[in-house]
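Input: a single structure, listed below in structure tokens.
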Amino acid sequence: MAIDLLLGLQWGDEGKGKIVDVLSKKYDIIARFQGGPNAGHTLEFEGIKHVLHTIPSGIFHPKAINLVGNGVVIDPVIFKLELDNLAPFNININEVLLVSRKAHLILPTHCLLDAASELAKGKAKIGSTLKGIGPTYMDKTGRNGIRIGDIELSNWKEKYTALRDKHLTMIKNMNVSLEFSMEDLEAAFFEAITYLKSAVAFVDSEEYLRVAQQNEQHILAEGAQGSLLDIDFGTYPFVTSSNTTAAGACTGLGIAPNRIGEVFGIFKAYTTRVGSGPFPTELLDEVGETMGRVGHEFGATTGRSRRCGWLDLVALKYAVEINGVTQLMMMKGDVLSGFDELKVCTAYAYRGEIIQHLPYSLNTDEVTPQYTTIRGWKEDLTAMRSENELPDTFNEYVAFIEDFVQTPIRIVSVGPDRTQTIFRSE
């Protein structure tokens with residue numbers, strides 16, 4: 001049985017959580033394959049807004065098993081807080097949530113290293129979420145990390161102490177002003193570890209998924225962040241520390257490339273970005289402010305305002321191609337209602353020539369977006385529930401995107417709630 005894959009195609013915050021939630025009823029298993037608490041997947045239904053950071057977005061569907069894969073990094077304190085927030089919904093966590101033994105742990109000192117590193121960089125900081133993600137992945141690749149499976153061993157606290165002390169020495173050598181109480185941080189950390197060991201089932205996830213495929217269970221792999229934040233193919237160095245593209249699903253879950261079925265790509269009808277880094281179509285005017293205000297563009301994890309700009313089709317096509325996307329889902333089409341005309345970037349002026357591919361550098365002193373203007377729409381889309389209600393000008397916008405990236409848009413979202421999701425005919 002093939003495994004379907006869902007991921008973001010921009011700089012994150014595309015609305016993956018909502019779509020996973022909508023699609024979950026079709027799947028037996030929802031599996032997160034990378035990232036950690038730097039992700040913020042927002043789901044909204046029955047008047048309640050939920051933000052998940054590590055737990056897969058199928059957790060509210062009673063028949064779905066939710067697996068945190070080996071490619072994910074886990075902060076036990078944040079994970080426990082997420083579980084505490086689920087308590088009012090009577091979810092049987094022991095039965096529907098599994099964690100890979102090969103997933104790495106974020107220690108309190110990983111977060112301190114993250115903060116110290118950003119302080120040391122000053123104006124050159126990369127805009128980290130300060131969740132300890134980068135230092136944890138560095139320890140993973142440096143073969144120093146501590147994994148979920150380690151906390152089941154008798155000597156795991158010795159491993160913890162050795163790594164903590166190494167981190168504290170590194171922080172001291174950075175010579176930055178950073179105040180913290182190791183005693184308080186460790187008290188919360190060890191309490192959360194004890195809780196996780198009793199509340200969540202740990203599994204050998206690659207074997208679990210192999211058996212699930214053999215039994216023809218339907219599996220959806222859920223990505224975090226977005227393709228333009230990929231450590232290899234994103235806007236380096238302003239990227240995350242994991243592979244956010246389709247390849248990351250294979251290494252983050254232990255599944256073979258030839259087992260991937262549909263690849264669902266999520267994007268916004270415009271473009272946003274949180275934190276530092278190049279953003280060719282960014283709008284620093286009233287139009288960008290309107291997008292941010294109407295779209296409630298604040299990071300679900302950091303609370304920071306998102307930078308907003310026109311849809312960049314060059315970057316979107318790049319993401320479609322490197323991921324092998326088979327179906328697209330366009331989010332927040334309702335936010336663009338009211339504009340007389342819309343612009344989309346269809347090429348770049350780069351080093352004296354016009355190009356339609358993503359170049360090595362997207363720095364604004366080298367890249368100038370080339371725009372095509374399209375008619376806007378005045379209609380409020382938020383109450384629409386079927387494809388035939390959508391205005392012609394909206395459909396023209398969708399068709400223009402499909403033609404440019406040569407991939408069909410199967411879902412359009414016209415609001416944050418589950419019900420504000422329109423499935424388009426093939």
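Just so we're on the same page: first chain in the structure tokens is A, next is B, and so on; residues restart at 1 for each chain, and ligands are numbered from 1 in the order they show up.
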
Filtered DSSP result for stretch 249-278 of chain A, state alpha helix (DSSP H), as a PyMOL selection string: chain A and resi 249-253

Using N, CA and C atoms, can you export the residues from the last selection as an mmCIF file, in the first residue's frame?
data_model
loop_
_atom_site.group_PDB
_atom_site.id
_atom_site.type_symbol
_atom_site.label_atom_id
_atom_site.label_comp_id
_atom_site.auth_asym_id
_atom_site.auth_seq_id
_atom_site.Cartn_x
_atom_site.Cartn_y
_atom_site.Cartn_z
ATOM 1 N N ALA A 249 10.565 12.610 4.015
ATOM 2 C CA ALA A 249 9.590 11.624 4.481
ATOM 3 C C ALA A 249 10.193 10.229 4.482
ATOM 4 N N CYS A 250 11.061 9.963 3.523
ATOM 5 C CA CYS A 250 11.697 8.641 3.456
ATOM 6 C C CYS A 250 12.655 8.443 4.622
ATOM 7 N N THR A 251 13.521 9.434 4.863
ATOM 8 C CA THR A 251 14.488 9.301 5.954
ATOM 9 C C THR A 251 13.840 9.530 7.314
ATOM 10 N N GLY A 252 12.759 10.310 7.356
ATOM 11 C CA GLY A 252 12.116 10.639 8.627
ATOM 12 C C GLY A 252 11.122 9.611 9.104
ATOM 13 N N LEU A 253 10.817 8.628 8.256
ATOM 14 C CA LEU A 253 9.891 7.565 8.645
ATOM 15 C C LEU A 253 10.422 6.171 8.338
#

Polymer residues at most 7 Å from A:Ile409, only C-alpha atoms, same-chain spacing of 3 or more positions, as a list in words: Gln327, Leu328, Met329, Met330 and Glu402 of chain A

Quick one: residues within 12 Å of A:Val99, only C-alpha atoms counted, chain neighbours fewer than 2 positions away excluded, as a PDB file with N, CA and C atoms, in the first residue's frame?
ATOM      1  N   ILE A  30      -1.612   8.771  10.612  1.00  0.00           N
ATOM      2  CA  ILE A  30      -1.014  10.063  10.248  1.00  0.00           C
ATOM      3  C   ILE A  30       0.368  10.088  10.895  1.00  0.00           C
ATOM      4  N   ALA A  31       1.426  10.297  10.092  1.00  0.00           N
ATOM      5  CA  ALA A  31       2.792  10.187  10.605  1.00  0.00           C
ATOM      6  C   ALA A  31       3.594  11.453  10.319  1.00  0.00           C
ATOM      7  N   ARG A  32       4.037  12.154  11.372  1.00  0.00           N
ATOM      8  CA  ARG A  32       4.930  13.306  11.224  1.00  0.00           C
ATOM      9  C   ARG A  32       6.334  12.808  10.947  1.00  0.00           C
ATOM     10  N   PHE A  33       7.035  13.440   9.976  1.00  0.00           N
ATOM     11  CA  PHE A  33       8.334  12.906   9.590  1.00  0.00           C
ATOM     12  C   PHE A  33       9.534  13.803   9.849  1.00  0.00           C
ATOM     13  N   THR A  54       4.028  19.275  17.884  1.00  0.00           N
ATOM     14  CA  THR A  54       4.727  18.013  17.641  1.00  0.00           C
ATOM     15  C   THR A  54       3.760  16.887  17.305  1.00  0.00           C
ATOM     16  N   ILE A  55       2.594  16.908  17.916  1.00  0.00           N
ATOM     17  CA  ILE A  55       1.596  15.864  17.711  1.00  0.00           C
ATOM     18  C   ILE A  55       1.004  15.982  16.309  1.00  0.00           C
ATOM     19  N   PRO A  56       0.875  14.881  15.577  1.00  0.00           N
ATOM     20  CA  PRO A  56       0.281  14.932  14.236  1.00  0.00           C
ATOM     21  C   PRO A  56      -1.136  15.483  14.244  1.00  0.00           C
ATOM     22  N   ILE A  65      -4.560   6.575  13.913  1.00  0.00           N
ATOM     23  CA  ILE A  65      -3.366   6.444  14.741  1.00  0.00           C
ATOM     24  C   ILE A  65      -2.403   7.558  14.348  1.00  0.00           C
ATOM     25  N   ASN A  66      -1.808   8.226  15.324  1.00  0.00           N
ATOM     26  CA  ASN A  66      -0.898   9.333  15.074  1.00  0.00           C
ATOM     27  C   ASN A  66       0.512   8.950  15.514  1.00  0.00           C
ATOM     28  N   LEU A  67       1.442   8.984  14.567  1.00  0.00           N
ATOM     29  CA  LEU A  67       2.816   8.537  14.818  1.00  0.00           C
ATOM     30  C   LEU A  67       3.786   9.702  14.676  1.00  0.00           C
ATOM     31  N   VAL A  68       4.619   9.898  15.702  1.00  0.00           N
ATOM     32  CA  VAL A  68       5.712  10.870  15.639  1.00  0.00           C
ATOM     33  C   VAL A  68       6.950  10.101  15.197  1.00  0.00           C
ATOM     34  N   GLY A  69       7.436  10.384  13.991  1.00  0.00           N
ATOM     35  CA  GLY A  69       8.478   9.584  13.374  1.00  0.00           C
ATOM     36  C   GLY A  69       9.877   9.867  13.870  1.00  0.00           C
ATOM     37  N   ASN A  70      10.813   9.063  13.398  1.00  0.00           N
ATOM     38  CA  ASN A  70      12.208   9.168  13.830  1.00  0.00           C
ATOM     39  C   ASN A  70      12.870  10.475  13.405  1.00  0.00           C
ATOM     40  N   GLY A  71      12.349  11.126  12.368  1.00  0.00           N
ATOM     41  CA  GLY A  71      12.951  12.372  11.900  1.00  0.00           C
ATOM     42  C   GLY A  71      12.550  13.590  12.706  1.00  0.00           C
ATOM     43  N   VAL A  72      11.633  13.414  13.653  1.00  0.00           N
ATOM     44  CA  VAL A  72      11.155  14.521  14.482  1.00  0.00           C
ATOM     45  C   VAL A  72      12.052  14.675  15.706  1.00  0.00           C
ATOM     46  N   VAL A  73      12.229  15.906  16.173  1.00  0.00           N
ATOM     47  CA  VAL A  73      12.929  16.158  17.436  1.00  0.00           C
ATOM     48  C   VAL A  73      11.889  16.619  18.454  1.00  0.00           C
ATOM     49  N   ILE A  74      11.971  16.081  19.671  1.00  0.00           N
ATOM     50  CA  ILE A  74      10.894  16.229  20.655  1.00  0.00           C
ATOM     51  C   ILE A  74      11.384  16.945  21.915  1.00  0.00           C
ATOM     52  N   PRO A  76      10.299  17.314  25.506  1.00  0.00           N
ATOM     53  CA  PRO A  76       9.338  16.664  26.394  1.00  0.00           C
ATOM     54  C   PRO A  76       8.416  17.632  27.127  1.00  0.00           C
ATOM     55  N   PHE A  79       5.880  18.838  24.597  1.00  0.00           N
ATOM     56  CA  PHE A  79       5.048  17.688  24.255  1.00  0.00           C
ATOM     57  C   PHE A  79       4.025  17.412  25.362  1.00  0.00           C
ATOM     58  N   ILE A  93      -5.021   8.796  24.599  1.00  0.00           N
ATOM     59  CA  ILE A  93      -3.676   9.015  24.084  1.00  0.00           C
ATOM     60  C   ILE A  93      -2.896   7.713  23.940  1.00  0.00           C
ATOM     61  N   ASN A  94      -3.014   6.823  24.922  1.00  0.00           N
ATOM     62  CA  ASN A  94      -2.272   5.562  24.891  1.00  0.00           C
ATOM     63  C   ASN A  94      -2.578   4.726  23.660  1.00  0.00           C
ATOM     64  N   GLU A  95      -3.766   4.896  23.103  1.00  0.00           N
ATOM     65  CA  GLU A  95      -4.189   4.068  21.972  1.00  0.00           C
ATOM     66  C   GLU A  95      -3.979   4.731  20.617  1.00  0.00           C
ATOM     67  N   VAL A  96      -3.956   6.068  20.584  1.00  0.00           N
ATOM     68  CA  VAL A  96      -3.933   6.745  19.278  1.00  0.00           C
ATOM     69  C   VAL A  96      -2.647   7.531  19.004  1.00  0.00           C
ATOM     70  N   LEU A  97      -1.707   7.567  19.960  1.00  0.00           N
ATOM     71  CA  LEU A  97      -0.474   8.331  19.758  1.00  0.00           C
ATOM     72  C   LEU A  97       0.739   7.440  20.022  1.00  0.00           C
ATOM     73  N   ARG A 101      11.064   5.313  18.755  1.00  0.00           N
ATOM     74  CA  ARG A 101      12.206   5.244  19.674  1.00  0.00           C
ATOM     75  C   ARG A 101      13.432   5.947  19.097  1.00  0.00           C
ATOM     76  N   LYS A 102      13.466   6.126  17.797  1.00  0.00           N
ATOM     77  CA  LYS A 102      14.632   6.762  17.166  1.00  0.00           C
ATOM     78  C   LYS A 102      14.499   8.289  17.064  1.00  0.00           C
ATOM     79  N   ALA A 103      13.388   8.846  17.521  1.00  0.00           N
ATOM     80  CA  ALA A 103      13.245  10.310  17.540  1.00  0.00           C
ATOM     81  C   ALA A 103      14.177  10.900  18.594  1.00  0.00           C
ATOM     82  N   HIS A 104      14.814  12.015  18.275  1.00  0.00           N
ATOM     83  CA  HIS A 104      15.772  12.636  19.199  1.00  0.00           C
ATOM     84  C   HIS A 104      15.094  13.597  20.169  1.00  0.00           C
ATOM     85  N   LEU A 105      15.690  13.680  21.364  1.00  0.00           N
ATOM     86  CA  LEU A 105      15.172  14.552  22.415  1.00  0.00           C
ATOM     87  C   LEU A 105      15.846  15.919  22.383  1.00  0.00           C
ATOM     88  N   ARG A 147      18.115   9.783  22.248  1.00  0.00           N
ATOM     89  CA  ARG A 147      16.871   9.441  21.579  1.00  0.00           C
ATOM     90  C   ARG A 147      15.831   8.934  22.574  1.00  0.00           C
ATOM     91  N   ILE A 148      14.594   8.897  22.108  1.00  0.00           N
ATOM     92  CA  ILE A 148      13.505   8.420  22.954  1.00  0.00           C
ATOM     93  C   ILE A 148      13.825   7.038  23.529  1.00  0.00           C
ATOM     94  N   GLY A 149      14.375   6.159  22.702  1.00  0.00           N
ATOM     95  CA  GLY A 149      14.708   4.815  23.168  1.00  0.00           C
ATOM     96  C   GLY A 149      15.717   4.798  24.296  1.00  0.00           C
ATOM     97  N   LEU A 196       5.864  11.204  29.925  1.00  0.00           N
ATOM     98  CA  LEU A 196       5.821  10.613  28.589  1.00  0.00           C
ATOM     99  C   LEU A 196       5.985   9.101  28.648  1.00  0.00           C
ATOM    100  N   LYS A 197       6.865   8.630  29.528  1.00  0.00           N
ATOM    101  CA  LYS A 197       7.092   7.189  29.641  1.00  0.00           C
ATOM    102  C   LYS A 197       5.836   6.440  30.078  1.00  0.00           C
ATOM    103  N   ALA A 199       2.578   7.801  29.626  1.00  0.00           N
ATOM    104  CA  ALA A 199       1.373   8.211  28.898  1.00  0.00           C
ATOM    105  C   ALA A 199       1.382   7.865  27.415  1.00  0.00           C
ATOM    106  N   VAL A 200       2.579   7.651  26.848  1.00  0.00           N
ATOM    107  CA  VAL A 200       2.687   7.482  25.397  1.00  0.00           C
ATOM    108  C   VAL A 200       3.397   6.170  25.078  1.00  0.00           C
ATOM    109  N   ALA A 201       2.950   5.492  24.025  1.00  0.00           N
ATOM    110  CA  ALA A 201       3.583   4.241  23.593  1.00  0.00           C
ATOM    111  C   ALA A 201       4.773   4.541  22.687  1.00  0.00           C
ATOM    112  N   PHE A 202       5.919   3.943  22.990  1.00  0.00           N
ATOM    113  CA  PHE A 202       7.110   4.060  22.155  1.00  0.00           C
ATOM    114  C   PHE A 202       7.179   2.834  21.238  1.00  0.00           C
ATOM    115  N   VAL A 203       7.519   3.049  19.967  1.00  0.00           N
ATOM    116  CA  VAL A 203       7.533   1.944  18.999  1.00  0.00           C
ATOM    117  C   VAL A 203       8.779   2.007  18.119  1.00  0.00           C
ATOM    118  N   ASP A 204       9.111   0.870  17.529  1.00  0.00           N
ATOM    119  CA  ASP A 204      10.111   0.822  16.461  1.00  0.00           C
ATOM    120  C   ASP A 204       9.360   1.189  15.184  1.00  0.00           C
ATOM    121  N   SER A 205       9.379   2.465  14.867  1.00  0.00           N
ATOM    122  CA  SER A 205       8.416   3.031  13.914  1.00  0.00           C
ATOM    123  C   SER A 205       8.555   2.503  12.497  1.00  0.00           C
ATOM    124  N   GLU A 206       9.781   2.249  12.043  1.00  0.00           N
ATOM    125  CA  GLU A 206       9.929   1.764  10.666  1.00  0.00           C
ATOM    126  C   GLU A 206       9.303   0.377  10.516  1.00  0.00           C
ATOM    127  N   TYR A 208       6.839  -0.741  12.465  1.00  0.00           N
ATOM    128  CA  TYR A 208       5.395  -0.510  12.615  1.00  0.00           C
ATOM    129  C   TYR A 208       4.770  -0.117  11.273  1.00  0.00           C
ATOM    130  N   LEU A 253      10.817   8.628   8.256  1.00  0.00           N
ATOM    131  CA  LEU A 253       9.891   7.565   8.645  1.00  0.00           C
ATOM    132  C   LEU A 253      10.422   6.171   8.338  1.00  0.00           C
TER     133      LEU A 253
END

Between atom CA of A:Arg293 and atom CA of A:Lys16 - distance in Å to one decimal: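 These atoms are spaced 20.4 Å apart.
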
Computed interatomic separation between atom CA of A:Asp417 and atom CA of A:Lys26 (Å):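 Going from atom CA of A:Asp417 over to atom CA of A:Lys26, I get 18.3 Å.
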
Long-range neighbours of stretch 35-42 of chain A as an NGL selection string, 8 Å cut-off, only C-alpha atoms, 3 positions minimum in chain: :A and (13 or 15-18 or 49-54 or 57 or 71-75 or 78 or 129 or 131 or 133 or 223-225 or 241-242 or 244 or 299-301)

Using only C-alpha atoms: which of A:Thr161, A:Thr271, A:Thr245, A:Asn388 has the shortest distance to A:Asp230: A:Thr245

12 Å contact set for A:Arg273, only C-alpha atoms, chain neighbours under 2 positions out, as JSON, numbers by chain: {"A": [9, 10, 11, 12, 13, 14, 127, 225, 226, 228, 229, 235, 238, 239, 268, 270, 271, 275, 276, 277, 278, 279, 280, 281, 282, 283, 288, 292, 297, 298, 299, 304, 305, 306, 307, 308, 309, 310, 311]}

For those residues, write C-alpha atoms to a file as a tab-separated table (two decimals), in the first residue's frame.
chain	number	residue	atom	x	y	z
A	9	LEU	CA	5.54	24.50	-0.59
A	10	GLN	CA	6.47	27.95	0.71
A	11	TRP	CA	8.20	29.21	3.89
A	12	GLY	CA	5.86	27.32	6.20
A	13	ASP	CA	2.54	28.46	7.71
A	14	GLU	CA	0.67	27.32	4.59
A	127	GLY	CA	15.58	34.29	13.04
A	225	GLN	CA	7.59	23.99	7.93
A	226	GLY	CA	7.85	24.43	4.14
A	228	LEU	CA	11.71	26.81	0.94
A	229	LEU	CA	13.01	26.18	4.47
A	235	THR	CA	16.95	29.85	1.10
A	238	PHE	CA	17.77	31.18	6.51
A	239	VAL	CA	16.30	27.69	6.70
A	268	LYS	CA	-1.25	30.11	0.19
A	270	TYR	CA	-0.22	34.82	-1.56
A	271	THR	CA	3.17	34.41	0.15
A	275	GLY	CA	11.75	35.87	10.54
A	276	SER	CA	14.81	36.75	8.52
A	277	GLY	CA	15.74	35.77	4.99
A	278	PRO	CA	15.16	36.78	1.36
A	279	PHE	CA	11.60	37.33	0.15
A	280	PRO	CA	11.48	38.73	-3.43
A	281	THR	CA	7.73	39.50	-3.56
A	282	GLU	CA	7.46	41.02	-0.07
A	283	LEU	CA	5.15	44.04	0.16
A	288	GLY	CA	0.98	43.85	2.44
A	292	GLY	CA	-1.46	40.44	7.15
A	297	GLU	CA	-0.74	36.50	9.83
A	298	PHE	CA	0.97	35.78	13.11
A	299	GLY	CA	3.21	32.74	13.69
A	304	ARG	CA	5.69	37.03	15.37
A	305	SER	CA	4.04	38.98	12.57
A	306	ARG	CA	4.47	37.31	9.20
A	307	ARG	CA	5.87	39.25	6.27
A	308	CYS	CA	3.40	39.24	3.37
A	309	GLY	CA	3.69	39.53	-0.41
A	310	TRP	CA	2.29	38.49	-3.77
A	311	LEU	CA	2.27	34.86	-4.85

Nearest to A:Arg385, chosen from A:Ser117, A:Gln406, A:Thr372, A:Ser413, with only C-alpha atoms counted in the distances: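 Going through A:Ser117, A:Gln406, A:Thr372, A:Ser413 one by one, the smallest distance to A:Arg385 is for A:Ser413.
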
Which of A:Ala319, A:Ile151, A:Ile374, A:Thr169 sits closest to A:Phe190 [using only C-alpha atoms]: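 Among the listed residues, A:Ile151 lies closest to A:Phe190.
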
12 Å contact set for A:Gly352, only C-alpha atoms, chain neighbours under 6 positions out, as JSON, numbers by chain: {"A": [365, 366, 367, 368]}

Residues from last step as file, C-alpha atoms, as a PDB file, in the first residue's frame:
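Final output, result.pdb:
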ATOM      1  CA  ASP A 365      20.050  43.210  -4.595  1.00  0.00           C
ATOM      2  CA  GLU A 366      20.285  40.439  -7.213  1.00  0.00           C
ATOM      3  CA  VAL A 367      16.664  39.406  -7.789  1.00  0.00           C
ATOM      4  CA  THR A 368      13.829  41.600  -9.056  1.00  0.00           C
TER       5      THR A 368
END

For A:Thr240, the nearest of the candidates A:Leu130, A:Ala188, A:Ala162, A:Val20, counting only C-alpha atoms: A:Leu130

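Between atom CA of A:Ile266 and atom CA of A:Ser386 the interatomic distance comes to 19.5 Å.
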
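Minimum distance to A:Asn215 across A:Val325, A:Leu390, A:Met1, A:Met174 (counting only C-alpha atoms) occurs at A:Met1.
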
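When only C-alpha atoms are used to measure the gap to A:Glu191, the shortest distance among A:Phe60, A:Leu23, A:Val77, A:Pro416 belongs to A:Val77.
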